[in-house]
file structure-v7.txt (compact mmCIF, C-alpha atoms and all ligand atoms)
# COMPACT_ATOMS: atom_id res chain seq x y z
CA MET A 1 28.12 -147.55 111.80
CA ARG A 2 25.62 -150.36 112.33
CA ARG A 3 25.73 -153.57 114.32
CA ILE A 4 23.72 -156.76 114.28
CA ALA A 5 21.17 -157.08 117.17
CA PRO A 6 22.72 -154.39 119.36
CA THR A 7 22.64 -154.62 123.14
CA ALA A 8 21.99 -151.42 125.12
CA ALA A 9 25.74 -151.00 125.79
CA ALA A 10 26.56 -151.58 122.12
CA SER A 11 23.94 -149.00 121.07
CA ARG A 12 25.49 -146.44 123.40
CA LEU A 13 28.89 -147.12 121.85
CA ASP A 14 27.45 -146.85 118.37
CA ALA A 15 25.99 -143.47 119.28
CA PHE A 16 29.35 -142.42 120.75
CA ILE A 17 31.21 -143.47 117.59
CA GLU A 18 28.68 -141.65 115.41
CA ARG A 19 29.12 -138.45 117.47
CA GLU A 20 32.87 -138.88 117.13
CA ARG A 21 32.54 -139.14 113.34
CA VAL A 22 30.56 -135.88 113.25
CA ARG A 23 33.21 -134.10 115.36
CA VAL A 24 35.96 -135.44 113.11
CA ASP A 25 34.10 -134.12 110.06
CA GLU A 26 33.94 -130.69 111.70
CA ALA A 27 37.64 -130.77 112.60
CA LEU A 28 38.60 -131.86 109.09
CA ALA A 29 36.46 -129.13 107.55
CA SER A 30 38.06 -126.47 109.76
CA ALA A 31 41.60 -127.74 109.09
CA ALA A 32 40.89 -127.95 105.35
CA ALA A 33 39.44 -124.43 105.30
CA GLU A 34 42.65 -123.07 106.83
CA ILE A 35 45.15 -125.09 104.85
CA VAL A 36 43.40 -125.49 101.49
CA SER A 37 41.73 -122.07 101.12
CA PRO A 38 44.99 -120.28 100.29
CA VAL A 39 45.70 -122.86 97.54
CA GLY A 40 44.97 -121.20 94.23
CA GLY A 41 44.48 -122.32 90.67
CA ALA A 42 43.11 -125.62 89.46
CA LEU A 43 44.18 -127.56 92.56
CA ARG A 44 41.77 -126.02 94.99
CA ALA A 45 38.52 -127.51 93.65
CA PRO A 46 39.73 -131.17 93.53
CA LEU A 47 41.31 -130.77 96.97
CA GLU A 48 38.08 -129.43 98.44
CA TYR A 49 36.07 -132.14 96.69
CA ALA A 50 38.33 -134.93 97.99
CA LEU A 51 38.35 -133.61 101.57
CA SER A 52 34.65 -132.87 101.80
CA THR A 53 33.50 -136.38 100.85
CA SER A 54 32.64 -138.14 104.06
CA GLY A 55 33.85 -141.65 104.86
CA LYS A 56 33.73 -143.71 108.04
CA ARG A 57 36.60 -141.65 109.50
CA LEU A 58 37.96 -144.80 111.10
CA ARG A 59 41.57 -143.58 111.20
CA PRO A 60 40.93 -140.40 113.24
CA ILE A 61 38.47 -142.34 115.42
CA LEU A 62 41.25 -144.85 116.17
CA PHE A 63 43.65 -141.97 116.92
CA LEU A 64 41.18 -140.40 119.35
CA SER A 65 40.33 -143.71 121.00
CA ALA A 66 44.03 -144.47 121.57
CA TYR A 67 44.57 -140.92 122.84
CA ARG A 68 41.71 -141.28 125.30
CA ALA A 69 42.95 -144.70 126.41
CA VAL A 70 46.37 -143.33 127.43
CA ALA A 71 45.78 -139.65 128.25
CA ALA A 72 45.33 -138.24 131.73
CA PRO A 73 41.77 -138.55 133.12
CA SER A 74 41.43 -134.76 132.77
CA ASP A 75 41.83 -135.17 129.01
CA VAL A 76 39.12 -137.74 128.29
CA ASP A 77 37.39 -135.09 126.22
CA PRO A 78 40.11 -134.07 123.75
CA SER A 79 40.28 -130.44 122.62
CA PRO A 80 39.34 -129.35 119.06
CA THR A 81 43.09 -129.07 118.36
CA VAL A 82 43.57 -132.77 119.19
CA TYR A 83 40.67 -133.57 116.84
CA ARG A 84 42.42 -131.64 114.08
CA LEU A 85 45.67 -133.48 114.76
CA ALA A 86 43.73 -136.74 114.48
CA CYS A 87 42.78 -135.77 110.91
CA ALA A 88 46.34 -136.05 109.55
CA ALA A 89 46.04 -139.81 108.97
CA GLU A 90 42.62 -139.27 107.34
CA ILE A 91 44.19 -136.81 104.90
CA VAL A 92 46.86 -139.38 103.96
CA HIS A 93 44.09 -141.98 103.57
CA THR A 94 42.16 -139.55 101.34
CA TYR A 95 45.20 -139.12 99.09
CA SER A 96 45.54 -142.91 98.80
CA LEU A 97 41.90 -143.25 97.75
CA VAL A 98 42.22 -140.50 95.13
CA HIS A 99 45.28 -142.21 93.62
CA ASP A 100 43.91 -145.73 94.00
CA ASP A 101 40.86 -144.76 91.92
CA LEU A 102 42.93 -143.35 89.01
CA PRO A 103 42.74 -144.99 85.57
CA SER A 104 46.35 -146.20 85.97
CA MET A 105 45.36 -147.97 89.22
CA ASP A 106 41.85 -149.41 89.77
CA ASP A 107 40.07 -147.02 87.38
CA ASP A 108 37.00 -146.55 89.58
CA ASP A 109 34.02 -144.26 88.94
CA LEU A 110 32.48 -144.23 92.39
CA ARG A 111 33.94 -143.54 95.83
CA ARG A 112 32.17 -142.72 99.07
CA GLY A 113 28.89 -142.49 97.18
CA ARG A 114 30.13 -139.84 94.76
CA ALA A 115 31.94 -139.74 91.43
CA THR A 116 35.69 -140.19 91.92
CA VAL A 117 37.90 -137.10 91.92
CA HIS A 118 39.38 -137.76 88.47
CA ARG A 119 35.93 -138.32 86.94
CA VAL A 120 34.81 -134.89 88.16
CA HIS A 121 38.01 -132.85 87.91
CA GLY A 122 40.18 -134.76 85.41
CA VAL A 123 43.10 -137.13 85.81
CA ALA A 124 45.97 -134.63 86.08
CA PRO A 125 44.24 -132.43 88.70
CA ALA A 126 43.31 -135.57 90.69
CA MET A 127 46.90 -136.83 90.60
CA LEU A 128 48.25 -133.47 91.72
CA ALA A 129 45.59 -132.96 94.39
CA GLY A 130 46.39 -136.43 95.76
CA ALA A 131 50.08 -135.58 95.84
CA ALA A 132 49.35 -132.24 97.56
CA LEU A 133 47.39 -133.96 100.33
CA LEU A 134 50.49 -135.68 101.66
CA PRO A 135 52.43 -132.51 102.58
CA ILE A 136 49.14 -130.98 103.79
CA ALA A 137 48.87 -133.83 106.32
CA MET A 138 52.44 -133.26 107.49
CA GLU A 139 51.89 -129.52 107.79
CA LEU A 140 48.79 -130.19 109.86
CA ILE A 141 50.82 -132.30 112.31
CA VAL A 142 53.45 -129.57 112.66
CA ARG A 143 50.83 -126.83 113.18
CA GLU A 144 48.64 -128.68 115.65
CA SER A 145 51.60 -130.10 117.62
CA ARG A 146 52.83 -126.55 118.07
CA ALA A 147 49.37 -125.32 119.01
CA LEU A 148 49.18 -128.08 121.63
CA GLY A 149 52.56 -127.04 123.05
CA PHE A 150 54.14 -130.45 122.39
CA PRO A 151 57.91 -130.64 122.82
CA PRO A 152 59.54 -130.55 119.33
CA GLU A 153 60.64 -134.21 119.63
CA ARG A 154 57.02 -135.32 119.98
CA GLY A 155 56.00 -133.42 116.83
CA ALA A 156 58.95 -134.98 114.97
CA LEU A 157 57.95 -138.47 116.20
CA LEU A 158 54.42 -137.92 114.91
CA VAL A 159 55.68 -136.86 111.47
CA ARG A 160 58.05 -139.84 111.30
CA GLU A 161 55.28 -142.23 112.31
CA LEU A 162 52.96 -141.06 109.56
CA CYS A 163 55.74 -140.94 106.91
CA ARG A 164 56.77 -144.52 107.68
CA ALA A 165 53.21 -145.85 107.53
CA ALA A 166 52.49 -144.05 104.27
CA GLY A 167 55.77 -144.88 102.53
CA ALA A 168 57.71 -147.67 100.88
CA ASP A 169 57.56 -149.97 103.90
CA GLY A 170 53.88 -149.24 104.47
CA MET A 171 50.95 -148.23 102.31
CA VAL A 172 52.81 -147.42 99.07
CA GLY A 173 54.92 -150.59 99.41
CA GLY A 174 51.72 -152.57 99.96
CA GLN A 175 50.16 -151.06 96.86
CA LEU A 176 53.21 -152.11 94.84
CA LEU A 177 52.96 -155.67 96.19
CA ASP A 178 49.28 -155.62 95.25
CA LEU A 179 50.03 -154.52 91.69
CA GLU A 180 52.78 -157.11 91.32
CA ALA A 181 50.41 -159.78 92.62
CA GLU A 182 48.09 -159.20 89.67
CA ARG A 183 50.57 -161.07 87.50
CA ARG A 184 51.17 -163.95 89.93
CA VAL A 185 49.50 -166.71 91.85
CA VAL A 186 49.01 -165.25 95.32
CA ASP A 187 49.14 -167.52 98.35
CA GLU A 188 47.86 -166.85 101.86
CA THR A 189 51.23 -165.52 103.14
CA MET A 190 51.54 -163.07 100.26
CA LEU A 191 47.96 -161.87 100.64
CA GLU A 192 48.44 -161.19 104.33
CA ALA A 193 51.69 -159.30 103.61
CA ILE A 194 49.89 -157.12 101.04
CA HIS A 195 47.04 -156.31 103.41
CA ARG A 196 49.27 -155.64 106.40
CA ALA A 197 51.25 -153.07 104.42
CA LYS A 198 48.55 -151.56 102.20
CA THR A 199 45.84 -151.08 104.80
CA GLY A 200 47.19 -152.23 108.16
CA ALA A 201 50.17 -149.87 108.36
CA LEU A 202 48.05 -146.69 108.31
CA LEU A 203 45.43 -148.08 110.69
CA THR A 204 48.16 -149.09 113.15
CA ALA A 205 49.86 -145.73 112.72
CA SER A 206 46.59 -143.94 113.51
CA LEU A 207 46.53 -145.65 116.91
CA ARG A 208 50.23 -145.04 117.50
CA LEU A 209 49.83 -141.36 116.58
CA GLY A 210 47.05 -141.00 119.15
CA ALA A 211 49.13 -142.81 121.75
CA ILE A 212 52.24 -140.68 121.06
CA ALA A 213 50.13 -137.50 121.17
CA GLY A 214 48.84 -138.65 124.56
CA ASP A 215 52.44 -139.31 125.70
CA ALA A 216 51.78 -143.02 126.22
CA PRO A 217 54.28 -145.16 128.10
CA GLU A 218 56.04 -147.83 126.00
CA PRO A 219 53.91 -150.84 127.13
CA ALA A 220 50.70 -149.02 126.13
CA LEU A 221 52.20 -148.06 122.77
CA GLU A 222 53.18 -151.66 122.19
CA ALA A 223 49.73 -152.99 123.14
CA LEU A 224 48.08 -150.52 120.76
CA THR A 225 50.50 -151.50 117.99
CA HIS A 226 49.57 -155.18 118.32
CA TYR A 227 45.90 -154.27 118.54
CA GLY A 228 46.26 -152.18 115.36
CA GLU A 229 48.02 -154.92 113.42
CA ALA A 230 45.30 -157.46 114.20
CA LEU A 231 42.51 -154.92 113.72
CA GLY A 232 43.99 -153.87 110.34
CA LEU A 233 43.92 -157.45 109.16
CA ALA A 234 40.35 -157.95 110.39
CA PHE A 235 39.34 -154.71 108.65
CA GLN A 236 40.85 -155.72 105.31
CA ILE A 237 39.41 -159.26 105.41
CA ALA A 238 36.00 -157.66 106.06
CA ASP A 239 36.66 -155.29 103.15
CA ASP A 240 37.31 -158.29 100.86
CA ILE A 241 34.11 -159.94 102.13
CA LEU A 242 32.04 -156.80 101.54
CA ASP A 243 33.36 -156.64 98.00
CA VAL A 244 31.58 -159.99 97.47
CA THR A 245 28.48 -159.54 99.63
CA GLY A 246 27.88 -155.76 99.48
CA ASP A 247 26.44 -153.44 96.85
CA ALA A 248 27.28 -149.99 95.57
CA ALA A 249 24.41 -148.37 97.48
CA SER A 250 25.72 -149.43 100.90
CA LEU A 251 29.45 -149.43 100.09
CA GLY A 252 29.52 -146.09 98.25
CA LYS A 253 31.83 -147.77 95.71
CA GLU A 254 31.31 -150.50 93.14
CA ALA A 255 31.14 -154.03 94.57
CA GLY A 256 32.70 -157.07 92.87
CA ARG A 257 35.84 -155.21 91.84
CA ASP A 258 38.29 -157.81 93.20
CA ARG A 259 36.74 -160.42 90.94
CA GLU A 260 36.60 -158.07 87.97
CA LEU A 261 40.23 -157.05 88.42
CA ARG A 262 41.12 -160.69 89.19
CA LYS A 263 42.63 -159.74 92.51
CA ALA A 264 43.33 -162.40 95.11
CA SER A 265 41.20 -161.84 98.19
CA TYR A 266 40.33 -163.64 101.41
CA PRO A 267 37.05 -165.02 100.02
CA SER A 268 38.83 -166.23 96.86
CA LEU A 269 41.49 -168.06 98.90
CA TYR A 270 39.45 -169.25 101.90
CA GLY A 271 35.82 -169.14 100.75
CA LEU A 272 33.27 -166.77 102.30
CA ALA A 273 32.77 -168.71 105.53
CA GLY A 274 36.52 -169.23 105.93
CA ALA A 275 37.17 -165.52 105.43
CA GLN A 276 34.45 -164.62 107.95
CA SER A 277 35.96 -166.85 110.57
CA LEU A 278 39.46 -165.43 109.93
CA ALA A 279 38.13 -161.88 110.27
CA ARG A 280 36.47 -162.77 113.59
CA ARG A 281 39.66 -164.47 114.80
CA ALA A 282 41.74 -161.37 113.94
CA ALA A 283 39.24 -159.11 115.75
CA ASN A 284 39.46 -161.32 118.85
CA GLU A 285 43.25 -161.20 118.64
CA ALA A 286 43.03 -157.40 118.56
CA LYS A 287 40.93 -157.39 121.74
CA GLN A 288 43.38 -159.74 123.48
CA ALA A 289 46.30 -157.53 122.48
CA LEU A 290 44.85 -154.62 124.45
CA GLY A 291 45.78 -156.36 127.70
CA GLU A 292 45.23 -153.91 130.54
CA LEU A 293 44.18 -151.12 128.17
CA ARG A 294 40.66 -152.52 127.92
CA SER A 295 39.03 -149.38 126.56
CA PRO A 296 35.33 -150.09 125.79
CA VAL A 297 35.55 -148.09 122.57
CA LEU A 298 38.62 -149.96 121.30
CA LEU A 299 36.93 -153.27 122.16
CA ALA A 300 33.79 -152.17 120.33
CA LEU A 301 35.78 -150.98 117.32
CA ALA A 302 37.30 -154.46 116.95
CA ASP A 303 33.76 -155.85 116.63
CA TYR A 304 32.68 -152.99 114.40
CA VAL A 305 35.38 -153.57 111.77
CA VAL A 306 34.12 -157.10 111.10
CA GLU A 307 30.39 -156.43 111.50
CA ARG A 308 30.20 -153.25 109.41
CA ARG A 309 28.08 -153.09 106.28
CA SER A 310 30.04 -150.32 104.53
C1 LIG B 401 51.14 -142.92 93.91
C2 LIG B 401 49.75 -143.32 91.80
C3 LIG B 401 50.05 -143.64 93.23
C4 LIG B 401 49.28 -144.55 93.86
C5 LIG B 401 49.38 -144.95 95.25
C6 LIG B 401 48.91 -145.34 98.02
C7 LIG B 401 48.01 -145.90 97.04
C8 LIG B 401 48.03 -145.42 95.66
C9 LIG B 401 47.10 -146.80 97.35
C10 LIG B 401 46.95 -147.36 98.68
C11 LIG B 401 45.97 -148.47 98.65
C12 LIG B 401 44.71 -148.16 99.37
C13 LIG B 401 43.77 -147.22 98.74
C14 LIG B 401 44.48 -148.75 100.53
C15 LIG B 401 43.25 -148.57 101.32
C16 LIG B 401 42.30 -149.71 101.09
C17 LIG B 401 40.99 -149.53 101.77
C18 LIG B 401 40.51 -150.65 102.60
C19 LIG B 401 40.25 -148.44 101.61
C20 LIG B 401 38.91 -148.21 102.20
O1 LIG B 401 39.03 -147.68 103.49
P1 LIG B 401 37.72 -147.28 104.31
O2 LIG B 401 36.74 -148.41 104.22
O3 LIG B 401 37.17 -146.08 103.44
O4 LIG B 401 38.11 -146.83 105.67
P2 LIG B 401 36.32 -144.79 103.90
O5 LIG B 401 35.77 -144.28 102.59
O6 LIG B 401 35.25 -145.20 104.85
O7 LIG B 401 37.30 -143.84 104.50
call {"tool": "encode", "arguments": {"input": "structure-v7.txt", "output": "structure tokens"}}
result
Amino acid sequence: MRRIAPTAAASRLDAFIERERVRVDEALASAAAEIVSPVGGALRAPLEYALSTSGKRLRPILFLSAYRAVAAPSDVDPSPTVYRLACAAEIVHTYSLVHDDLPSMDDDDLRRGRATVHRVHGVAPAMLAGAALLPIAMELIVRESRALGFPPERGALLVRELCRAAGADGMVGGQLLDLEAERRVVDETMLEAIHRAKTGALLTASLRLGAIAGDAPEPALEALTHYGEALGLAFQIADDILDVTGDAASLGKEAGRDRELRKASYPSLYGLAGAQSLARRAANEAKQALGELRSPVLLALADYVVERRS
């Protein structure tokens, strides 16, 4: 997670975020070992492959940052169980990447610097492994909520939150809008609606999950929701920009795919400079939305999502 011309404070935050990513990787590996190891047959290998490929881990990092921002001062260093709980949104995200790469969707060969799951394990196993990841994420929430001694209503709220973000009114609905848009002229309003649902819903939910886990009061939950919505938009605009300016070596996936697949994107509608200024504006909006919750990490993450190179 790199920045341009970092100040000393920014470098410390970068180091913090990098440490967080390593701890998330460990938590995900331990959760996967417990939940996936008993899975037999042809599903186990594609599941292990999908879960062991490392990404930026932005969703669990957002969960943990929201959790820290609202939790009691004694809980600024969340337990390994909280880290595992934070991985549920990452598991849903992993499923979406596996399915998004399939021949019937974007038909991609490369993801996170490795061959896509269906290229290594075949289309049917990749489809089924993707589908299996969704209930695995829900089971993880139930297990870890119990282990943390949460009241049953809090566990149920967490499951509902993730289901809503992943479902027809969230990520899957956004993917449908995106597919439908391939046959239409897409305007700015439509593009924003696609991005808010396809990418923004899960990013916002990651923050809300962390806040609910930390038993946040309603105003904090609301502030984090607004922060997440603006941050999600900034993130996706930056993603569209990187598709134009990046390369496979730094992105870990092929660049130029929006153009190849003739997908509307922020650079195609606003030009590169216009898209960059919209991304920056959305990141600033995210920071403003935090109000009194001015967590240094959440502020830094708003900058990170638009300055990232991968
Ligand atoms: C059910 C067949 C079927 C398909 C559904 C749900 C779905 C497919 C697709 C969702 C669309 C999707 C993949 C959205 C995420 C877009 C996005 C910006 C991905 C990249 O996220 P990063 O940059 O990736 O956080 P890393 O690899 O760092 O985790």
call {"tool": "axis_aligned_box", "arguments": {"input": "structure-v7.txt", "around": "ligand LIG 401 (chain B)", "padding_each_side": "8 Å", "output": "lines of an AutoDock Vina configuration file"}}
result
center_x = 43.2
center_y = -146.8
center_z = 98.7
size_x = 31.9
size_y = 23.7
size_z = 29.9
call {"tool": "atom_distance", "arguments": {"input": "structure-v7.txt", "atom1": "atom CA of Ala279 of chain A", "atom2": "atom CA of Arg309 of chain A"}}
result
13.9 Å
call {"tool": "closest_residue", "arguments": {"input": "structure-v7.txt", "among": "A:Ala132, A:Glu254, A:Leu191, A:Ala66", "to": "Leu290 of chain A", "atoms": "only C-alpha atoms"}}
result
A:Ala66
call {"tool": "residues_near_ligand", "arguments": {"input": "structure-v7.txt", "ligand": "ligand LIG 401 (chain B)", "cutoff": "9 Å", "atoms": "all atoms listed in the file", "output": "number ranges by chain"}}
result
A: 53-59, 90, 92-102, 104-105, 111-113, 127, 130-131, 166-167, 171-176, 178, 195, 197-200, 202-203, 235-236, 239-240, 251-253, 310
call {"tool": "atom_distance", "arguments": {"input": "structure-v7.txt", "atom1": "atom CA of Val159 of chain A", "atom2": "atom CA of Ala45 of chain A"}}
result
26.4 Å
call {"tool": "atom_distance", "arguments": {"input": "structure-v7.txt", "atom1": "atom CA of Leu28 of chain A", "atom2": "atom CA of Lys287 of chain A"}}
result
28.6 Å
call {"tool": "closest_residue", "arguments": {"input": "structure-v7.txt", "among": "A:Ala234, A:Ala8, A:Ala275, A:Ile136", "to": "Glu34 of chain A", "atoms": "only C-alpha atoms"}}
result
A:Ile136
call {"tool": "decode", "arguments": {"input": "structure-v7.txt", "residues": "segment 231-242 of chain A", "atoms": "all heavy atoms", "output": "compact mmCIF listing (two decimals), in the first residue's frame"}}
result
# COMPACT_ATOMS: atom_id res chain seq x y z
N LEU A 231 -16.44 6.63 0.22
CA LEU A 231 -15.18 5.91 0.02
C LEU A 231 -15.33 4.85 -1.08
O LEU A 231 -14.44 4.66 -1.92
CB LEU A 231 -14.74 5.25 1.33
CG LEU A 231 -13.46 4.43 1.22
CD1 LEU A 231 -12.35 5.07 2.07
CD2 LEU A 231 -13.68 3.00 1.67
N GLY A 232 -16.48 4.16 -1.10
CA GLY A 232 -16.73 3.13 -2.11
C GLY A 232 -16.71 3.73 -3.50
O GLY A 232 -16.14 3.15 -4.44
N LEU A 233 -17.29 4.91 -3.63
CA LEU A 233 -17.31 5.56 -4.94
C LEU A 233 -15.88 5.97 -5.34
O LEU A 233 -15.44 5.72 -6.47
CB LEU A 233 -18.24 6.78 -4.88
CG LEU A 233 -18.58 7.41 -6.22
CD1 LEU A 233 -19.28 6.40 -7.13
CD2 LEU A 233 -19.48 8.64 -6.03
N ALA A 234 -15.17 6.57 -4.39
CA ALA A 234 -13.77 6.96 -4.66
C ALA A 234 -12.95 5.75 -5.08
O ALA A 234 -12.16 5.80 -6.03
CB ALA A 234 -13.16 7.61 -3.42
N PHE A 235 -13.16 4.64 -4.37
CA PHE A 235 -12.41 3.41 -4.66
C PHE A 235 -12.67 2.93 -6.08
O PHE A 235 -11.77 2.57 -6.82
CB PHE A 235 -12.83 2.33 -3.66
CG PHE A 235 -12.19 0.99 -3.90
CD1 PHE A 235 -10.96 0.68 -3.35
CD2 PHE A 235 -12.81 0.05 -4.71
CE1 PHE A 235 -10.36 -0.54 -3.59
CE2 PHE A 235 -12.21 -1.17 -4.96
CZ PHE A 235 -11.00 -1.47 -4.40
N GLN A 236 -13.97 2.93 -6.47
CA GLN A 236 -14.31 2.39 -7.79
C GLN A 236 -13.86 3.32 -8.91
O GLN A 236 -13.45 2.88 -9.98
CB GLN A 236 -15.80 2.08 -7.86
CG GLN A 236 -16.21 1.41 -9.15
CD GLN A 236 -15.53 0.06 -9.40
OE1 GLN A 236 -15.58 -0.83 -8.56
NE2 GLN A 236 -14.86 -0.10 -10.56
N ILE A 237 -13.93 4.65 -8.66
CA ILE A 237 -13.43 5.58 -9.70
C ILE A 237 -11.93 5.33 -9.88
O ILE A 237 -11.43 5.24 -11.00
CB ILE A 237 -13.70 7.06 -9.31
CG1 ILE A 237 -15.20 7.32 -9.15
CG2 ILE A 237 -13.11 8.00 -10.38
CD1 ILE A 237 -15.56 8.71 -8.60
N ALA A 238 -11.22 5.16 -8.75
CA ALA A 238 -9.77 4.88 -8.84
C ALA A 238 -9.53 3.56 -9.57
O ALA A 238 -8.57 3.43 -10.34
CB ALA A 238 -9.17 4.84 -7.43
N ASP A 239 -10.41 2.58 -9.34
CA ASP A 239 -10.28 1.29 -10.02
C ASP A 239 -10.40 1.48 -11.54
O ASP A 239 -9.63 0.91 -12.31
CB ASP A 239 -11.38 0.35 -9.51
CG ASP A 239 -11.02 -1.11 -9.70
OD1 ASP A 239 -10.10 -1.58 -9.00
OD2 ASP A 239 -11.64 -1.77 -10.55
N ASP A 240 -11.37 2.30 -11.95
CA ASP A 240 -11.56 2.59 -13.39
C ASP A 240 -10.32 3.30 -13.95
O ASP A 240 -9.90 3.04 -15.09
CB ASP A 240 -12.76 3.52 -13.60
CG ASP A 240 -14.11 2.81 -13.44
OD1 ASP A 240 -14.12 1.62 -13.08
OD2 ASP A 240 -15.15 3.46 -13.65
N ILE A 241 -9.75 4.21 -13.15
CA ILE A 241 -8.56 4.96 -13.61
C ILE A 241 -7.38 4.00 -13.76
O ILE A 241 -6.66 4.03 -14.76
CB ILE A 241 -8.22 6.10 -12.63
CG1 ILE A 241 -9.35 7.15 -12.64
CG2 ILE A 241 -6.87 6.75 -12.96
CD1 ILE A 241 -9.24 8.21 -11.55
N LEU A 242 -7.21 3.13 -12.76
CA LEU A 242 -6.09 2.18 -12.82
C LEU A 242 -6.22 1.23 -14.01
O LEU A 242 -5.21 0.78 -14.56
CB LEU A 242 -6.01 1.38 -11.51
CG LEU A 242 -5.46 2.16 -10.31
CD1 LEU A 242 -5.64 1.36 -9.02
CD2 LEU A 242 -3.99 2.50 -10.51
